[in-house]
file start-v8.cif (mmCIF, C-alpha atoms and all ligand atoms)
data_my_file
#
loop_
_atom_site.label_atom_id
_atom_site.label_comp_id
_atom_site.auth_asym_id
_atom_site.auth_seq_id
_atom_site.Cartn_x
_atom_site.Cartn_y
_atom_site.Cartn_z
CA MET U 1 -42.63 18.50 9.83
CA GLY U 2 -41.31 20.09 6.69
CA ILE U 3 -42.10 18.70 3.28
CA LEU U 4 -38.50 17.65 2.76
CA ASP U 5 -38.58 15.49 5.86
CA LYS U 6 -41.79 13.85 4.61
CA ILE U 7 -40.15 13.00 1.28
CA LYS U 8 -37.09 11.68 3.07
CA LYS U 9 -39.29 9.37 5.13
CA LEU U 10 -40.94 7.98 2.02
CA LEU U 11 -37.69 7.21 0.27
CA PRO U 12 -36.16 3.80 0.99
CA LYS U 13 -33.31 4.10 3.42
CA ARG U 14 -30.00 3.60 1.75
CA LYS U 15 -27.63 1.48 3.72
CA GLU U 16 -24.17 2.95 3.92
CA PRO U 17 -21.47 0.36 3.34
CA GLU U 18 -19.79 -0.37 6.63
CA LEU U 19 -16.27 0.94 6.68
CA LYS U 20 -14.16 0.15 9.67
CA ASN U 21 -12.40 3.14 11.05
CA ASN U 22 -8.88 1.95 11.79
CA VAL U 23 -7.43 5.41 12.21
CA PRO U 24 -7.72 5.71 16.03
CA LYS U 25 -6.05 2.33 16.47
CA GLU U 26 -3.31 3.21 14.06
CA ARG U 27 -2.66 6.53 15.74
CA GLU U 28 -2.42 4.76 19.07
CA ASN U 29 -0.04 2.21 17.61
CA ILE U 30 2.18 4.86 16.07
CA ARG U 31 2.24 6.86 19.29
CA LYS U 32 3.21 3.81 21.36
CA THR U 33 5.80 2.68 18.82
CA PHE U 34 7.40 6.12 18.86
CA GLY U 35 7.45 5.92 22.66
CA VAL U 36 9.25 2.60 22.89
CA TYR U 37 11.63 3.57 20.11
CA CYS U 38 12.56 6.93 21.58
CA ASN U 39 12.93 5.49 25.10
CA SER U 40 15.47 2.95 23.94
CA HIS U 41 17.31 5.06 21.36
CA HIS U 42 17.20 8.62 22.63
CA ASP U 43 17.58 8.19 26.37
CA THR U 44 14.01 9.18 27.25
CA LYS U 45 11.66 7.56 29.77
CA ASP U 46 8.06 6.39 30.37
CA GLY U 47 6.92 6.68 26.76
CA LYS U 48 7.89 10.36 26.65
CA LEU U 49 9.54 11.63 23.50
CA CYS U 50 12.62 13.69 22.76
CA PRO U 51 12.04 16.98 20.87
CA LYS U 52 12.98 15.47 17.52
CA CYS U 53 10.60 12.52 17.86
CA THR U 54 7.88 14.83 19.18
CA ALA U 55 8.20 17.01 16.08
CA LEU U 56 8.02 14.03 13.75
CA LEU U 57 5.08 12.52 15.60
CA THR U 58 3.21 15.82 15.47
CA THR U 59 3.65 15.99 11.70
CA VAL U 60 2.55 12.38 11.31
CA MET U 61 -0.57 12.85 13.43
CA LEU U 62 -1.54 15.99 11.52
CA ARG U 63 -1.13 14.30 8.18
CA ILE U 64 -3.08 11.21 9.21
CA GLN U 65 -6.02 13.46 9.95
CA ARG U 66 -5.89 14.76 6.40
CA CYS U 67 -5.13 11.41 4.79
CA PRO U 68 -6.62 11.42 1.27
CA TYR U 69 -7.64 7.79 1.71
CA GLY U 70 -9.96 8.66 4.60
CA ILE U 71 -10.77 6.16 7.32
CA GLY U 72 -10.23 3.21 4.98
CA LYS U 73 -6.62 4.28 4.65
CA PRO U 74 -3.74 1.84 4.38
CA ILE U 75 -1.32 1.76 7.31
CA CYS U 76 1.15 4.61 7.01
CA ASP U 77 4.32 2.51 7.00
CA ARG U 78 2.96 0.59 4.00
CA CYS U 79 1.47 3.54 2.15
CA GLU U 80 2.58 3.96 -1.45
CA THR U 81 1.98 7.68 -1.46
CA PRO U 82 3.21 8.74 1.99
CA CYS U 83 2.52 12.36 2.76
CA PHE U 84 5.21 13.15 5.35
CA GLY U 85 7.80 14.31 2.83
CA GLU U 86 10.75 12.21 1.72
CA ASN U 87 13.06 12.58 4.72
CA GLN U 88 10.37 12.40 7.36
CA THR U 89 8.82 9.35 5.73
CA LYS U 90 12.20 7.64 5.83
CA GLU U 91 12.65 8.46 9.51
CA PHE U 92 9.09 7.44 10.24
CA ILE U 93 9.48 4.03 8.61
CA GLU U 94 12.79 3.49 10.39
CA ILE U 95 11.19 4.22 13.75
CA MET U 96 8.18 2.04 13.00
CA ASN U 97 10.34 -0.90 11.90
CA ALA U 98 12.74 -0.64 14.82
CA GLY U 99 9.98 0.05 17.34
CA GLN U 100 7.74 -2.84 16.29
CA LYS U 101 10.16 -5.42 17.68
CA LYS U 102 10.01 -3.76 21.07
CA MET U 103 6.26 -3.34 20.75
CA LEU U 104 5.94 -7.14 20.67
CA LEU U 105 7.15 -7.17 24.26
CA SER U 106 5.36 -4.14 25.64
CA HIS U 107 2.13 -4.14 23.60
CA PRO U 108 1.92 -7.58 21.96
CA MET U 109 -1.72 -7.38 20.80
CA MET U 110 -1.18 -4.04 19.13
CA ALA U 111 2.04 -5.22 17.50
CA VAL U 112 0.40 -8.38 16.18
CA ARG U 113 -2.57 -6.46 14.78
CA HIS U 114 -0.21 -4.10 13.03
CA LYS U 115 1.81 -7.01 11.66
CA ILE U 116 -1.36 -8.60 10.27
CA ALA U 117 -2.33 -5.31 8.61
CA LYS U 118 1.14 -5.14 7.07
CA ILE U 119 0.93 -8.68 5.72
CA GLY U 120 -2.50 -7.90 4.29
CA MET U 121 -1.17 -4.83 2.49
CA ASP U 122 1.85 -6.73 1.17
CA TYR U 123 -0.38 -9.52 -0.07
CA ALA U 124 -2.76 -7.13 -1.83
CA LYS U 125 0.18 -5.41 -3.49
CA MET U 126 1.66 -8.74 -4.57
CA GLN U 127 -1.64 -9.79 -6.15
CA ARG U 128 -1.92 -6.48 -7.96
CA ASP U 129 1.65 -6.65 -9.25
CA LYS U 130 1.04 -10.20 -10.42
CA LYS U 131 -2.01 -9.11 -12.36
CA THR U 132 -0.26 -6.19 -14.04
CA SER U 133 2.78 -8.31 -14.93
CA GLU U 134 0.46 -10.93 -16.44
CA LYS U 135 -1.24 -8.27 -18.51
CA GLN U 136 2.14 -6.94 -19.64
CA LYS U 137 3.17 -10.46 -20.64
CA GLU U 138 0.04 -10.86 -22.74
CA LYS U 139 0.77 -7.55 -24.45
CA ASP U 140 4.38 -8.56 -25.14
CA GLU U 141 3.26 -11.87 -26.63
CA LYS U 142 0.82 -10.09 -28.93
CA VAL U 143 3.50 -7.67 -30.15
CA LYS U 144 5.91 -10.56 -30.72
CA ALA U 145 3.31 -12.42 -32.75
CA GLN U 146 2.64 -9.32 -34.82
CA ILE U 147 6.34 -8.84 -35.54
CA ALA U 148 6.71 -12.50 -36.45
CA ASN U 149 3.80 -12.20 -38.88
CA ALA U 150 5.20 -9.08 -40.46
CA THR U 151 8.70 -10.48 -40.98
CA ARG U 152 7.55 -13.80 -42.41
CA SER U 153 7.97 -12.91 -46.05
CA PRO U 154 6.60 -15.04 -48.86
CA LYS U 155 10.02 -15.05 -50.60
CA ASN U 156 11.53 -17.31 -47.93
CA SER U 157 8.95 -19.98 -48.46
CA THR U 158 9.48 -20.09 -52.24
CA LYS U 159 13.25 -20.32 -51.73
CA SER U 160 12.95 -23.32 -49.50
CA LYS U 161 10.72 -24.94 -52.08
CA SER U 162 13.25 -24.39 -54.85
CA ARG U 163 16.03 -25.81 -52.69
CA LYS U 164 14.02 -28.90 -52.16
CA LYS U 165 13.65 -29.28 -55.90
CA LYS U 166 17.43 -28.98 -56.45
CA LYS U 167 18.12 -31.71 -53.93
CA ARG U 168 15.93 -34.08 -55.79
ZN ZN B 201 13.49 10.43 20.25
#

call {"tool": "encode", "arguments": {"input": "start-v8.cif", "output": "structure tokens", "more": "lines below"}}
Ligand SMILES: [Zn+2]
result
Amino acid sequence: MGILDKIKKLLPKRKEPELKNNVPKERENIRKTFGVYCNSHHDTKDGKLCPKCTALLTTVMLRIQRCPYGIGKPICDRCETPCFGENQTKEFIEIMNAGQKKMLLSHPMMAVRHKIAKIGMDYAKMQRDKKTSEKQKEKDEKVKAQIANATRSPKNSTKSKSRKKKKR
């Protein structure tokens, strides 16, 4: 046994945080969704894809592998920094949205799981937006207060006092 191994044994084992790898399931879901979509829209059969859908799916699968978010990645059709390029992302999202309805019939469990993931992502985004808008509000209020303080000139207050005197 080398000395390094001995040292390693002495050190307390660090527990890696468990991260669920959702990528295989997502890939499967995307593949199936493309299948049902293409079969009903492009006159193909048995989950096989037309050349155009095949090309898009190939790009998507390649990019998922290199996703900068790693295995803890968000689902692709809810990603805020999609990496398929503008046009392909648009097509991809269209296919995913249209295909999910059909997926409910052919692969209900998969469709429901995907729907739940979507809702989770939407909820997280909503919470984040809420927080940032609250912070912005606080900032705005502070600026308003500062402006109000700056414009409140002492002259005004003396004027109102003198007016009061005249009335009497
Ligand atoms: Zn197709």

call {"tool": "residues_near_ligand", "arguments": {"input": "start-v8.cif", "ligand": "ligand ZN 201 (chain B)", "cutoff": "9 Å", "atoms": "all atoms listed in the file", "output": "ChimeraX atom specification"}}
result
/U:34-35,37-44,48-54

call {"tool": "residues_around", "arguments": {"input": "start-v8.cif", "residues": "Pro108 (chain U)", "least_positions_apart": "6", "cutoff": "12 Å", "atoms": "only C-alpha atoms", "output": "MDAnalysis selection string"}}
result
chainID U and resid 29 32:33 100:102 114:115

call {"tool": "axis_aligned_box", "arguments": {"input": "start-v8.cif", "around": "region 20-31 of chain U", "padding_each_side": "8 Å", "output": "JSON"}}
result
{"center_x": -6.0, "center_y": 3.5, "center_z": 14.5, "size_x": 32.4, "size_y": 22.7, "size_z": 25.6}

call {"tool": "closest_residue", "arguments": {"input": "start-v8.cif", "among": "U:Cys76, U:Val143, U:Val36, U:Ile71", "to": "Met121 (chain U)", "atoms": "all atoms listed in the file"}}
result
U:Cys76

call {"tool": "atom_distance", "arguments": {"input": "start-v8.cif", "atom1": "CA of Glu86 (chain U)", "atom2": "CA of Lys73 (chain U)"}}
result
19.3 Å

call {"tool": "closest_atom_pairs", "arguments": {"input": "start-v8.cif", "of": "region 39-93 of chain U", "to": "region 123-130 of chain U", "cutoff": "12 Å", "atoms": "all atoms listed in the file", "output": "JSON lines"}}
result
{"residue": "U:Pro74", "atom": "CA", "partner": "U:Ala124", "partner_atom": "CA", "distance": 11.0}
{"residue": "U:Arg78", "atom": "CA", "partner": "U:Lys125", "partner_atom": "CA", "distance": 10.0}
{"residue": "U:Cys79", "atom": "CA", "partner": "U:Lys125", "partner_atom": "CA", "distance": 10.7}
{"residue": "U:Glu80", "atom": "CA", "partner": "U:Lys125", "partner_atom": "CA", "distance": 9.9}

call {"tool": "atom_distance", "arguments": {"input": "start-v8.cif", "atom1": "CA of Ile75 (chain U)", "atom2": "CA of Leu62 (chain U)"}}
result
14.8 Å

call {"tool": "closest_residue", "arguments": {"input": "start-v8.cif", "among": "U:Ala111, U:Thr59, U:Leu105, U:Ile116", "to": "Glu91 (chain U)", "atoms": "only C-alpha atoms"}}
result
U:Thr59

call {"tool": "closest_residue", "arguments": {"input": "start-v8.cif", "among": "U:Asp122, U:Glu26, U:Glu94, U:Glu141", "to": "Met110 (chain U)", "atoms": "all atoms listed in the file"}}
result
U:Glu26

call {"tool": "closest_residue", "arguments": {"input": "start-v8.cif", "among": "U:Ile93, U:Val23, U:Met109, U:Ile3", "to": "Ile64 (chain U)", "atoms": "all atoms listed in the file"}}
result
U:Val23

call {"tool": "atom_distance", "arguments": {"input": "start-v8.cif", "atom1": "CA of Gln136 (chain U)", "atom2": "CA of Thr81 (chain U)"}}
result
23.3 Å

call {"tool": "closest_residue", "arguments": {"input": "start-v8.cif", "among": "U:Ile30, U:Lys118, U:Glu134, U:Ala55", "to": "Met96 (chain U)", "atoms": "all atoms listed in the file"}}
result
U:Ile30

call {"tool": "closest_residue", "arguments": {"input": "start-v8.cif", "among": "U:Thr151, U:Ser106, U:Lys90, U:Cys83", "to": "Gly47 (chain U)", "atoms": "only C-alpha atoms"}}
result
U:Ser106

call {"tool": "build_atoms", "arguments": {"input": "start-v8.cif", "residues": "region 122-150 of chain U", "atoms": "N, CA and C atoms", "output": "PDB file, in the frame of the given file"}}
result
ATOM      1  N   ASP U 122       0.833  -6.129   2.042  1.00  0.00           N
ATOM      2  CA  ASP U 122       1.850  -6.730   1.170  1.00  0.00           C
ATOM      3  C   ASP U 122       1.212  -7.721   0.203  1.00  0.00           C
ATOM      4  N   TYR U 123       0.269  -8.505   0.749  1.00  0.00           N
ATOM      5  CA  TYR U 123      -0.380  -9.520  -0.070  1.00  0.00           C
ATOM      6  C   TYR U 123      -1.189  -8.867  -1.194  1.00  0.00           C
ATOM      7  N   ALA U 124      -1.946  -7.825  -0.828  1.00  0.00           N
ATOM      8  CA  ALA U 124      -2.760  -7.130  -1.830  1.00  0.00           C
ATOM      9  C   ALA U 124      -1.880  -6.557  -2.930  1.00  0.00           C
ATOM     10  N   LYS U 125      -0.743  -6.009  -2.521  1.00  0.00           N
ATOM     11  CA  LYS U 125       0.180  -5.410  -3.490  1.00  0.00           C
ATOM     12  C   LYS U 125       0.757  -6.487  -4.410  1.00  0.00           C
ATOM     13  N   MET U 126       1.103  -7.637  -3.806  1.00  0.00           N
ATOM     14  CA  MET U 126       1.660  -8.740  -4.570  1.00  0.00           C
ATOM     15  C   MET U 126       0.664  -9.200  -5.636  1.00  0.00           C
ATOM     16  N   GLN U 127      -0.604  -9.354  -5.213  1.00  0.00           N
ATOM     17  CA  GLN U 127      -1.640  -9.790  -6.150  1.00  0.00           C
ATOM     18  C   GLN U 127      -1.798  -8.804  -7.289  1.00  0.00           C
ATOM     19  N   ARG U 128      -1.742  -7.511  -6.941  1.00  0.00           N
ATOM     20  CA  ARG U 128      -1.920  -6.480  -7.960  1.00  0.00           C
ATOM     21  C   ARG U 128      -0.759  -6.490  -8.944  1.00  0.00           C
ATOM     22  N   ASP U 129       0.466  -6.612  -8.398  1.00  0.00           N
ATOM     23  CA  ASP U 129       1.650  -6.650  -9.250  1.00  0.00           C
ATOM     24  C   ASP U 129       1.607  -7.845 -10.183  1.00  0.00           C
ATOM     25  N   LYS U 130       1.137  -8.972  -9.638  1.00  0.00           N
ATOM     26  CA  LYS U 130       1.040 -10.200 -10.420  1.00  0.00           C
ATOM     27  C   LYS U 130       0.103  -9.973 -11.603  1.00  0.00           C
ATOM     28  N   LYS U 131      -1.017  -9.353 -11.314  1.00  0.00           N
ATOM     29  CA  LYS U 131      -2.010  -9.110 -12.360  1.00  0.00           C
ATOM     30  C   LYS U 131      -1.438  -8.213 -13.445  1.00  0.00           C
ATOM     31  N   THR U 132      -0.777  -7.120 -13.039  1.00  0.00           N
ATOM     32  CA  THR U 132      -0.260  -6.190 -14.040  1.00  0.00           C
ATOM     33  C   THR U 132       0.854  -6.845 -14.843  1.00  0.00           C
ATOM     34  N   SER U 133       1.687  -7.671 -14.195  1.00  0.00           N
ATOM     35  CA  SER U 133       2.780  -8.310 -14.930  1.00  0.00           C
ATOM     36  C   SER U 133       2.212  -9.332 -15.912  1.00  0.00           C
ATOM     37  N   GLU U 134       1.106  -9.990 -15.524  1.00  0.00           N
ATOM     38  CA  GLU U 134       0.460 -10.930 -16.440  1.00  0.00           C
ATOM     39  C   GLU U 134      -0.090 -10.204 -17.662  1.00  0.00           C
ATOM     40  N   LYS U 135      -0.688  -9.056 -17.403  1.00  0.00           N
ATOM     41  CA  LYS U 135      -1.240  -8.270 -18.510  1.00  0.00           C
ATOM     42  C   LYS U 135      -0.119  -7.831 -19.446  1.00  0.00           C
ATOM     43  N   GLN U 136       0.999  -7.396 -18.855  1.00  0.00           N
ATOM     44  CA  GLN U 136       2.140  -6.940 -19.640  1.00  0.00           C
ATOM     45  C   GLN U 136       2.658  -8.095 -20.498  1.00  0.00           C
ATOM     46  N   LYS U 137       2.702  -9.280 -19.921  1.00  0.00           N
ATOM     47  CA  LYS U 137       3.170 -10.460 -20.640  1.00  0.00           C
ATOM     48  C   LYS U 137       2.295 -10.701 -21.866  1.00  0.00           C
ATOM     49  N   GLU U 138       0.980 -10.654 -21.643  1.00  0.00           N
ATOM     50  CA  GLU U 138       0.040 -10.860 -22.740  1.00  0.00           C
ATOM     51  C   GLU U 138       0.303  -9.859 -23.860  1.00  0.00           C
ATOM     52  N   LYS U 139       0.507  -8.604 -23.471  1.00  0.00           N
ATOM     53  CA  LYS U 139       0.770  -7.550 -24.450  1.00  0.00           C
ATOM     54  C   LYS U 139       2.038  -7.867 -25.238  1.00  0.00           C
ATOM     55  N   ASP U 140       3.101  -8.242 -24.496  1.00  0.00           N
ATOM     56  CA  ASP U 140       4.380  -8.560 -25.140  1.00  0.00           C
ATOM     57  C   ASP U 140       4.208  -9.690 -26.153  1.00  0.00           C
ATOM     58  N   GLU U 141       3.478 -10.720 -25.744  1.00  0.00           N
ATOM     59  CA  GLU U 141       3.260 -11.870 -26.630  1.00  0.00           C
ATOM     60  C   GLU U 141       2.563 -11.425 -27.920  1.00  0.00           C
ATOM     61  N   LYS U 142       1.571 -10.565 -27.769  1.00  0.00           N
ATOM     62  CA  LYS U 142       0.820 -10.090 -28.930  1.00  0.00           C
ATOM     63  C   LYS U 142       1.744  -9.350 -29.891  1.00  0.00           C
ATOM     64  N   VAL U 143       2.580  -8.461 -29.319  1.00  0.00           N
ATOM     65  CA  VAL U 143       3.500  -7.670 -30.150  1.00  0.00           C
ATOM     66  C   VAL U 143       4.472  -8.602 -30.870  1.00  0.00           C
ATOM     67  N   LYS U 144       4.973  -9.590 -30.130  1.00  0.00           N
ATOM     68  CA  LYS U 144       5.910 -10.560 -30.720  1.00  0.00           C
ATOM     69  C   LYS U 144       5.260 -11.277 -31.902  1.00  0.00           C
ATOM     70  N   ALA U 145       4.033 -11.709 -31.698  1.00  0.00           N
ATOM     71  CA  ALA U 145       3.310 -12.420 -32.750  1.00  0.00           C
ATOM     72  C   ALA U 145       3.133 -11.538 -33.970  1.00  0.00           C
ATOM     73  N   GLN U 146       2.832 -10.254 -33.705  1.00  0.00           N
ATOM     74  CA  GLN U 146       2.640  -9.320 -34.820  1.00  0.00           C
ATOM     75  C   GLN U 146       3.935  -9.149 -35.603  1.00  0.00           C
ATOM     76  N   ILE U 147       5.040  -9.009 -34.873  1.00  0.00           N
ATOM     77  CA  ILE U 147       6.340  -8.840 -35.540  1.00  0.00           C
ATOM     78  C   ILE U 147       6.673 -10.084 -36.362  1.00  0.00           C
ATOM     79  N   ALA U 148       6.428 -11.239 -35.754  1.00  0.00           N
ATOM     80  CA  ALA U 148       6.710 -12.500 -36.450  1.00  0.00           C
ATOM     81  C   ALA U 148       5.907 -12.580 -37.744  1.00  0.00           C
ATOM     82  N   ASN U 149       4.657 -12.170 -37.688  1.00  0.00           N
ATOM     83  CA  ASN U 149       3.800 -12.200 -38.880  1.00  0.00           C
ATOM     84  C   ASN U 149       4.321 -11.271 -39.950  1.00  0.00           C
ATOM     85  N   ALA U 150       4.763 -10.098 -39.505  1.00  0.00           N
ATOM     86  CA  ALA U 150       5.200  -9.080 -40.460  1.00  0.00           C
ATOM     87  C   ALA U 150       6.502  -9.483 -41.137  1.00  0.00           C
TER      88      ALA U 150
END
